[in-house]
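Working notes for the structure below.
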Amino acid sequence: YGIVSDFGCGSWGLVTSLGGKGGADSLYSDGDVLLDGVKASPEERRIVSAFVGDNIFDGINSPTELLSARKCIEKALQISGLRYSPSEIKDVFSLSDERYERDLKYVSGEIFRISIAINFALGKSIYCFPWANEHDIMNILHISSIIGFLKKNNKIILIPTSQEKYVKKVSDRMICFKGGRIRLKQ
């Protein structure tokens with residue numbers, strides 16, 4: 001889904017809420033979010049959601065021990081039980097040899113692909129991108145094959161941006177905020 005609005009006008013707020021950030025005590029917690037037809041709390045949504053670009057993964061690493069992409073993927077696969085090898089995940093998500101072995105603090109712009117790979121290895125279902133400006137959306141378009149792989153594996157991808165023209169290229173559906181209203185597009 002492309003979630004389109006100017007910065008600060010709803011798209012990132014919707015994505016973070018759907019992904020379970022913000023909590024039930026948020027000012028904007030009206031309404032219910034359903035997972036498989038059942039009302040889901042923010043905590044339940046966080047369990048199935050991945051925030052693309054994050055480098056801390058519950059049960060895998062910590063701010064004081066970030067680990068390498070390889071070690072995080074190995075631990076994630078042990079937790080999820082998915083039948084992939086770490087090298088298969090590395091190849092599917094086009095992770096470079098150099099950054100695969102580096103501490104996550106030192107992976108630079110590859111953190112998007114790495115965080116998606118680790119979260120896929122964890123079995124996450126919803127991928128929440130950070131709000132993307134014109135420059136950022138181009139970086140997202142560069143990983144369109146990864147987005148395609150996630151779609152083929154029935155994952156939900158949420159991309160908040162103001163760049164409707166570009167996000168259409170990787171989106172099956174669009175939710176657009178304009179003038180305080182929401183309109184859906186295919």
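Labeling convention for the structure tokens: chains A, B, ... as they appear, residues from 1 per chain, ligands from 1 in order of appearance.
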
Residues near region 145-152 of chain A, cut-off 8 Å, only C-alpha atoms, skip fewer than 3 positions along chain, as a list in words: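 Those residues are Val92, Phe93, His142, Lys155, Ile156, Ile157 and Val170 of chain A.
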
Per-residue DSSP, chain A, filtered to strand (DSSP E or B), as a VMD selection string: chain A and resid 2 to 4 34 to 35 38 to 39 49 to 51 62 65 68 103 126 to 128 132 156 to 161 174 to 178 181 to 185

From A:Lys39, A:Lys169, A:Lys105, A:Arg46, residue lying nearest Pro63 (chain A) [only C-alpha atoms]: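 Between A:Lys39, A:Lys169, A:Lys105, A:Arg46, the residue approaching Pro63 (chain A) most closely is A:Lys105.
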
Counting only C-alpha atoms, the residue of A:Ile116, A:Val52, A:Ile140, A:Cys128 that sits nearest Ser11 (chain A):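 Of A:Ile116, A:Val52, A:Ile140, A:Cys128, the one nearest Ser11 (chain A) is A:Cys128, counting only C-alpha atoms.
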
All residues 8 Å or closer to Pro130 (chain A), only C-alpha atoms, same chain fewer than 6 positions away omitted, as a list in words: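 Everything that qualifies: Trp12, Phe51, Val52, Gly53, Ile159 and Pro160 of chain A.
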
Restricting it to all heavy atoms, dump the selection as a short mmCIF file (atom, residue, chain, number, x, y, z; two decimals), in the first residue's frame.
data_model
loop_
_atom_site.label_atom_id
_atom_site.label_comp_id
_atom_site.auth_asym_id
_atom_site.auth_seq_id
_atom_site.Cartn_x
_atom_site.Cartn_y
_atom_site.Cartn_z
N TRP A 12 2.27 8.74 7.90
CA TRP A 12 3.17 8.09 8.85
C TRP A 12 2.41 7.72 10.13
O TRP A 12 2.62 6.66 10.71
CB TRP A 12 4.37 8.97 9.15
CG TRP A 12 5.32 8.41 10.17
CD1 TRP A 12 5.76 9.05 11.31
CD2 TRP A 12 5.96 7.13 10.19
NE1 TRP A 12 6.63 8.24 12.01
CE2 TRP A 12 6.76 7.05 11.34
CE3 TRP A 12 5.92 6.03 9.33
CZ2 TRP A 12 7.52 5.93 11.67
CZ3 TRP A 12 6.68 4.91 9.67
CH2 TRP A 12 7.47 4.87 10.82
N PHE A 51 9.45 -2.61 11.36
CA PHE A 51 9.69 -1.23 11.00
C PHE A 51 11.01 -1.16 10.25
O PHE A 51 12.08 -1.33 10.82
CB PHE A 51 9.64 -0.32 12.24
CG PHE A 51 8.22 -0.08 12.67
CD1 PHE A 51 7.56 -0.99 13.48
CD2 PHE A 51 7.52 1.01 12.19
CE1 PHE A 51 6.22 -0.80 13.84
CE2 PHE A 51 6.18 1.21 12.53
CZ PHE A 51 5.54 0.31 13.36
N VAL A 52 10.88 -0.96 8.94
CA VAL A 52 12.02 -1.00 8.02
C VAL A 52 13.01 0.10 8.40
O VAL A 52 12.64 1.25 8.57
CB VAL A 52 11.55 -0.85 6.57
CG1 VAL A 52 12.74 -0.78 5.61
CG2 VAL A 52 10.62 -2.00 6.19
N GLY A 53 14.26 -0.29 8.52
CA GLY A 53 15.32 0.65 8.88
C GLY A 53 15.74 0.54 10.33
O GLY A 53 16.82 1.01 10.70
N ILE A 159 3.91 1.95 2.74
CA ILE A 159 4.91 2.97 2.40
C ILE A 159 4.27 4.35 2.50
O ILE A 159 3.53 4.76 1.61
CB ILE A 159 5.48 2.75 0.99
CG1 ILE A 159 6.04 1.34 0.84
CG2 ILE A 159 6.55 3.81 0.68
CD1 ILE A 159 6.44 0.97 -0.59
N PRO A 160 4.55 5.09 3.59
CA PRO A 160 4.02 6.45 3.72
C PRO A 160 4.92 7.44 2.99
O PRO A 160 6.15 7.41 3.12
CB PRO A 160 4.05 6.68 5.24
CG PRO A 160 5.18 5.84 5.72
CD PRO A 160 5.25 4.65 4.80
#

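Between Lys185 (chain A) and the residues A:Tyr100, A:Phe129, A:Tyr1, A:Phe120, the shortest atom-to-atom distance, using only C-alpha atoms, involves A:Tyr1.
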
Residues within 6 Å of region 76-88 of chain A, only C-alpha atoms, excluding chain neighbours under 5 positions, as a PDB file with N, CA and C atoms, in the first residue's frame:
ATOM      1  N   ALA A 121      13.175 -13.216   8.079  1.00  0.00           N
ATOM      2  CA  ALA A 121      13.662 -14.422   8.761  1.00  0.00           C
ATOM      3  C   ALA A 121      12.910 -14.655  10.069  1.00  0.00           C
ATOM      4  N   LEU A 122      12.444 -13.577  10.694  1.00  0.00           N
ATOM      5  CA  LEU A 122      11.642 -13.695  11.922  1.00  0.00           C
ATOM      6  C   LEU A 122      10.195 -14.110  11.644  1.00  0.00           C
ATOM      7  N   GLY A 123       9.786 -14.047  10.376  1.00  0.00           N
ATOM      8  CA  GLY A 123       8.420 -14.408  10.016  1.00  0.00           C
ATOM      9  C   GLY A 123       7.425 -13.267  10.125  1.00  0.00           C
TER      10      GLY A 123
END

Point-to-point distance from CA of Asp36 (chain A) to CA of Gly59 (chain A), Å rounded to tenths: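 Those two atoms sit 24.6 Å apart.
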